[in-house]
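The structure under discussion appears below in the form of structure tokens.
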Amino acid sequence: MSGGVVEGKEHKDGEENMAAWLVGIKTLKIEPYHLPPLGPHDVKVQIKALGICGSDVHHFKNMRCANFIVKKPMVIGHECAGIVEEVGSQVKTLAVGDRVALEPGISCRRCNHCKDGRYNLCPEMKFFGSPPTNGSLANKVVHPEYLCFKLPDNVSLEEGAMCEPLSVGVHACRRANISPETNVLIMGAGPIGLVVLLAARAFGAPRIVIVDVDDCRLSIAKNLGADETIQVSMNIQDVGEEVVKIQSAMGSGIDVSFDCVGLNKTMSTALNATRSGGKVCLIGLAQSETTVPLTAAAVREVDVIGVFRYRNTWPLCIELLKTGKIDVKPLITHRFAFSQKGVEDAFETSASGRSAIKVMFNL
Ligand SMILES: [Zn+2]
Ligand SMILES: [Zn+2]
């Protein structure tokens with residue numbers, strides 16, 4: 001491996017930290033990963049659970065995700081939890097042995113977005129496994145104390161890793177002001193659609209309808225508590241007919257629609273199905289440019305809300321898991337060990353199977 005991947009010099013004897021490096025299209029190699037030195041406000045964490053995200057699969061298949069391009073070998077992965085192994089000299093809230101969930105993005109904390117509390121919009125964000133920042137599918141990582149959240153005894157490390165995808169659902173529900181008065185439509189029953197379902201329910205949404213092309217995914221959604229599931233086609237011509245079906249399944253006005261797919265068809269369906277004065281929240285971004293009936297939605301004062309990752313969500317996610325208001329365990333469909341073969345099999349499973357919701361590593 002080239003010297004370009006070596007991030008720091010600190011390397012204790014007998015302690016070889018290994019990581020899964022993305023070195024080419026569909027090529028992952030477990031190789032040594034030299035950690036940066038532990039700063040005064042950092043902790044060193046032994047990663048114990050890590051989930052594969054849709055964005056990791058994009059990187060794996062295409063060496064890119066949206067505008068983020070993998071130009072040199074990069075450690076993959078970002079949905080993780082582990083055990084604190086070492087703490088920096090100024091660390092006050094964590095101790096060796098604590099079980100923690102890691103929030104993956106380090107923002108600058110100086111720009112106007114950061115100062116305003118909207119740090120997910122920080123242009124200098126360094127995010128695990130988003131090029132050029134190395135990820136966390138490794139035995140150990142170094143991470144700031146303030147982004148490591150202690151897990152209660154009744155929340156497992158796998159559930160801790162699930163705080164990352166769950167955060168997307170929680171942030172989207174906050175952006176859309178989901179309450180006990182909000183009827184919710186969800187386009188897409190993949191991992192993100194399902195965490196939106198769980199979060200919307202926890203926020204009190206009284207009625208939730210979820211839509212997908214895949215009946216297997218819809219039955220998972222049903223088991224997770226969706227009130228109605230509707231199977232739709234891939235054909236854009238069917239939007240009109242399907243909107244009628246969706247609206248009658250809801251039985252009353254659709255206050256908020258979440259598009260967790262991001263195709264012309266799903267966005268068009270969401271815009272047309274939502275009641276006048278309602279909101280459409282765009283989470284999935286399958287197409288970078290879309291053609292949708294925006295004018296018709298605008299004259300009905302349908303608000304379009306963008307969602308990018310999340311901010312300040314870990315404490316609430318941990319609380320929702322601890323109190324049992326959300327159970328993410330049914331989303332974990334596959335488990336793999338952290339080995340060359342395990343990593344290859346896990347990414348193939350996540351990339352190919354629609355039966356795979358969340359593929360998890362146990363390290
Ligand atoms: Zn993720
Ligand atoms: Zn910033």
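Letters A, B, ... go to the chains of the structure tokens in the order shown; residues in each chain start at 1; ligands are counted from 1 in the same order.
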
field: segment 226-241 of chain A environment, 7 Å, only C-alpha atoms, sequence neighbours closer than 4 positions dropped, as JSON, numbers by chain
entry: {"A": [207, 208, 209, 210, 211, 212, 213, 214, 215, 218, 221, 222, 245, 249, 265, 269]}

Write a file of the just-selected residues containing N, CA and C atoms, as a CSV table (one decimal), in the first residue's frame.
```csv
chain,number,residue,atom,x,y,z
A,207,ARG,N,-51.0,8.0,11.8
A,207,ARG,CA,-51.3,7.1,10.7
A,207,ARG,C,-50.1,7.2,9.7
A,208,ILE,N,-49.6,6.0,9.3
A,208,ILE,CA,-48.4,6.0,8.4
A,208,ILE,C,-48.6,5.0,7.3
A,209,VAL,N,-48.6,5.5,6.1
A,209,VAL,CA,-48.7,4.6,4.9
A,209,VAL,C,-47.3,4.6,4.2
A,210,ILE,N,-46.9,3.4,3.8
A,210,ILE,CA,-45.6,3.3,3.2
A,210,ILE,C,-45.7,2.5,1.9
A,211,VAL,N,-44.9,3.0,0.9
A,211,VAL,CA,-45.0,2.5,-0.5
A,211,VAL,C,-43.6,2.0,-0.9
A,212,ASP,N,-43.6,0.9,-1.7
A,212,ASP,CA,-42.4,0.4,-2.3
A,212,ASP,C,-42.8,-0.4,-3.5
A,213,VAL,N,-41.7,-0.8,-4.3
A,213,VAL,CA,-42.0,-1.7,-5.4
A,213,VAL,C,-41.8,-3.2,-4.9
A,214,ASP,N,-41.2,-3.4,-3.8
A,214,ASP,CA,-40.8,-4.7,-3.4
A,214,ASP,C,-41.7,-5.2,-2.2
A,215,ASP,N,-42.4,-6.3,-2.4
A,215,ASP,CA,-43.4,-6.7,-1.4
A,215,ASP,C,-42.7,-7.3,-0.2
A,218,LEU,N,-42.1,-4.4,1.9
A,218,LEU,CA,-43.3,-3.9,2.5
A,218,LEU,C,-43.8,-4.7,3.7
A,221,ALA,N,-42.0,-3.6,6.6
A,221,ALA,CA,-42.6,-2.3,7.1
A,221,ALA,C,-43.9,-2.6,7.9
A,222,LYS,N,-44.7,-3.5,7.4
A,222,LYS,CA,-45.9,-3.9,8.1
A,222,LYS,C,-45.6,-4.4,9.5
A,245,LYS,N,-54.8,5.7,-5.0
A,245,LYS,CA,-54.7,4.5,-4.1
A,245,LYS,C,-54.1,4.9,-2.8
A,249,ALA,N,-55.9,5.0,0.9
A,249,ALA,CA,-55.3,4.2,2.0
A,249,ALA,C,-55.1,5.0,3.2
A,265,LYS,N,-40.2,9.5,-10.3
A,265,LYS,CA,-41.5,9.0,-10.0
A,265,LYS,C,-41.9,9.1,-8.5
A,269,THR,N,-45.0,11.4,-7.1
A,269,THR,CA,-46.0,10.8,-6.3
A,269,THR,C,-46.2,11.6,-5.0
```

Please report, as JSON lines, each residue of chain A lying at most 8 Å from ligand 2, together with the nearest pair of atoms and the separation in Å rounded to one decimal; use only C-alpha atoms and all ligand atoms, and order rows by chain and ascending residue number.
```
{"residue": "A:Ser107", "atom": "CA", "partner": "ligand 2", "partner_atom_place_in_ligand_line": "1 (Zn)", "distance": 5.1}
{"residue": "A:Cys108", "atom": "CA", "partner": "ligand 2", "partner_atom_place_in_ligand_line": "1 (Zn)", "distance": 4.0}
{"residue": "A:Arg109", "atom": "CA", "partner": "ligand 2", "partner_atom_place_in_ligand_line": "1 (Zn)", "distance": 4.8}
{"residue": "A:Arg110", "atom": "CA", "partner": "ligand 2", "partner_atom_place_in_ligand_line": "1 (Zn)", "distance": 5.2}
{"residue": "A:Cys111", "atom": "CA", "partner": "ligand 2", "partner_atom_place_in_ligand_line": "1 (Zn)", "distance": 4.1}
{"residue": "A:Asn112", "atom": "CA", "partner": "ligand 2", "partner_atom_place_in_ligand_line": "1 (Zn)", "distance": 6.6}
{"residue": "A:His113", "atom": "CA", "partner": "ligand 2", "partner_atom_place_in_ligand_line": "1 (Zn)", "distance": 5.7}
{"residue": "A:Cys114", "atom": "CA", "partner": "ligand 2", "partner_atom_place_in_ligand_line": "1 (Zn)", "distance": 4.4}
{"residue": "A:Lys115", "atom": "CA", "partner": "ligand 2", "partner_atom_place_in_ligand_line": "1 (Zn)", "distance": 7.4}
{"residue": "A:Tyr119", "atom": "CA", "partner": "ligand 2", "partner_atom_place_in_ligand_line": "1 (Zn)", "distance": 5.9}
{"residue": "A:Leu121", "atom": "CA", "partner": "ligand 2", "partner_atom_place_in_ligand_line": "1 (Zn)", "distance": 7.3}
{"residue": "A:Cys122", "atom": "CA", "partner": "ligand 2", "partner_atom_place_in_ligand_line": "1 (Zn)", "distance": 3.9}
{"residue": "A:Pro123", "atom": "CA", "partner": "ligand 2", "partner_atom_place_in_ligand_line": "1 (Zn)", "distance": 6.1}
{"residue": "A:Glu124", "atom": "CA", "partner": "ligand 2", "partner_atom_place_in_ligand_line": "1 (Zn)", "distance": 5.8}
{"residue": "A:Met125", "atom": "CA", "partner": "ligand 2", "partner_atom_place_in_ligand_line": "1 (Zn)", "distance": 6.8}
```

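For the residues A:Ala138, A:Asn183, A:Ala273, A:Lys71, ranking by smallest atom-to-atom distance to Ile47 of chain A using only C-alpha atoms places A:Ala138 first.
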
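Nearest to Gly353 of chain A of all the residues A:Lys150, A:Arg275, A:His334, A:His78 is A:His334, counting only C-alpha atoms.
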
- request: Could the residues that lie within 12 Å of ligand 1, counting only C-alpha atoms and all ligand atoms, be listed as a ChimeraX atom specification?
  value: /A:50-58,76-80,102-105,127-130,135-136,161-169,191-192,195,308-310,358-360

Include C-alpha atoms and write out the residues we just selected as a PDB file, in the first residue's frame.
```pdb
ATOM      1  CA  LEU A  50     -20.504  -1.350  12.394  1.00  0.00           C
ATOM      2  CA  GLY A  51     -23.411  -1.263   9.931  1.00  0.00           C
ATOM      3  CA  ILE A  52     -23.121  -0.886   6.164  1.00  0.00           C
ATOM      4  CA  CYS A  53     -24.918   2.160   4.789  1.00  0.00           C
ATOM      5  CA  GLY A  54     -26.278   2.813   1.293  1.00  0.00           C
ATOM      6  CA  SER A  55     -23.572   5.438   0.834  1.00  0.00           C
ATOM      7  CA  ASP A  56     -20.854   2.877   1.702  1.00  0.00           C
ATOM      8  CA  VAL A  57     -22.304   0.610  -0.997  1.00  0.00           C
ATOM      9  CA  HIS A  58     -22.192   3.506  -3.496  1.00  0.00           C
ATOM     10  CA  ILE A  76     -14.783   2.568   4.558  1.00  0.00           C
ATOM     11  CA  GLY A  77     -17.702   2.697   7.007  1.00  0.00           C
ATOM     12  CA  HIS A  78     -19.290   5.151   9.433  1.00  0.00           C
ATOM     13  CA  GLU A  79     -22.193   3.587  11.403  1.00  0.00           C
ATOM     14  CA  CYS A  80     -20.407   2.380  14.488  1.00  0.00           C
ATOM     15  CA  LEU A 102     -19.965   7.430  17.536  1.00  0.00           C
ATOM     16  CA  GLU A 103     -21.383  10.357  15.580  1.00  0.00           C
ATOM     17  CA  PRO A 104     -19.270  10.223  12.402  1.00  0.00           C
ATOM     18  CA  GLY A 105     -18.981  13.867  11.303  1.00  0.00           C
ATOM     19  CA  PHE A 127     -17.106  12.582   7.898  1.00  0.00           C
ATOM     20  CA  PHE A 128     -16.017   8.963   8.466  1.00  0.00           C
ATOM     21  CA  GLY A 129     -15.781   7.097   5.164  1.00  0.00           C
ATOM     22  CA  SER A 130     -16.695  10.081   2.987  1.00  0.00           C
ATOM     23  CA  GLY A 135     -13.946   5.716   7.910  1.00  0.00           C
ATOM     24  CA  SER A 136     -14.330   3.457  10.908  1.00  0.00           C
ATOM     25  CA  ALA A 161     -24.293   1.649  15.679  1.00  0.00           C
ATOM     26  CA  MET A 162     -27.924   1.932  14.509  1.00  0.00           C
ATOM     27  CA  CYS A 163     -28.093   5.437  16.029  1.00  0.00           C
ATOM     28  CA  GLU A 164     -26.509   6.681  12.797  1.00  0.00           C
ATOM     29  CA  PRO A 165     -29.217   5.592  10.338  1.00  0.00           C
ATOM     30  CA  LEU A 166     -31.889   6.262  12.973  1.00  0.00           C
ATOM     31  CA  SER A 167     -30.551   9.816  13.222  1.00  0.00           C
ATOM     32  CA  VAL A 168     -31.566  10.393   9.600  1.00  0.00           C
ATOM     33  CA  GLY A 169     -35.151   9.489  10.511  1.00  0.00           C
ATOM     34  CA  PRO A 191     -33.286   1.072   5.448  1.00  0.00           C
ATOM     35  CA  ILE A 192     -33.970   4.829   5.428  1.00  0.00           C
ATOM     36  CA  VAL A 195     -36.012   4.318  10.160  1.00  0.00           C
ATOM     37  CA  PHE A 308     -28.929  16.389   4.797  1.00  0.00           C
ATOM     38  CA  ARG A 309     -27.713  13.870   7.355  1.00  0.00           C
ATOM     39  CA  TYR A 310     -28.591  15.094  10.868  1.00  0.00           C
ATOM     40  CA  LYS A 358     -28.974  -3.664   7.658  1.00  0.00           C
ATOM     41  CA  VAL A 359     -25.776  -5.679   7.299  1.00  0.00           C
ATOM     42  CA  MET A 360     -23.749  -5.494  10.505  1.00  0.00           C
TER      43      MET A 360
END
```

message: Measuring between only C-alpha atoms, which one of A:Gly342, A:Gly306, A:Pro36, A:Gly262 shows the shortest distance to Asn134 of chain A?
response: A:Pro36

- prompt: Skipping near chain neighbours, those fewer than 6 positions away, what residues fall within 10 Å of Pro330 of chain A using only C-alpha atoms, listed as a PyMOL selection string?
  reply: chain A and resi 220+223-224+357-358

Excluding segment 298-302 of chain A and any residue of its chain fewer than 3 positions from it, enumerate the residues within 10 Å of it, using only C-alpha atoms, and give them as a CSV table (one decimal) with C-alpha atoms, in the first residue's frame.
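The new file out.csv reads:
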```
chain,number,residue,atom,x,y,z
A,255,ASP,CA,-49.8,16.1,6.0
A,256,VAL,CA,-46.2,15.1,5.4
A,271,LEU,CA,-45.8,16.1,-4.4
A,272,ASN,CA,-49.1,15.1,-5.9
A,274,THR,CA,-49.6,15.5,-0.2
A,275,ARG,CA,-52.5,17.7,0.9
A,276,SER,CA,-52.6,21.4,0.1
A,277,GLY,CA,-50.5,23.2,2.8
A,278,GLY,CA,-48.6,20.0,3.6
A,279,LYS,CA,-44.9,19.2,3.4
A,280,VAL,CA,-42.7,17.0,1.2
A,293,PRO,CA,-44.5,18.6,-11.1
A,294,LEU,CA,-43.3,21.4,-8.8
A,295,THR,CA,-45.6,24.2,-10.1
A,305,ILE,CA,-38.0,20.4,2.7
```
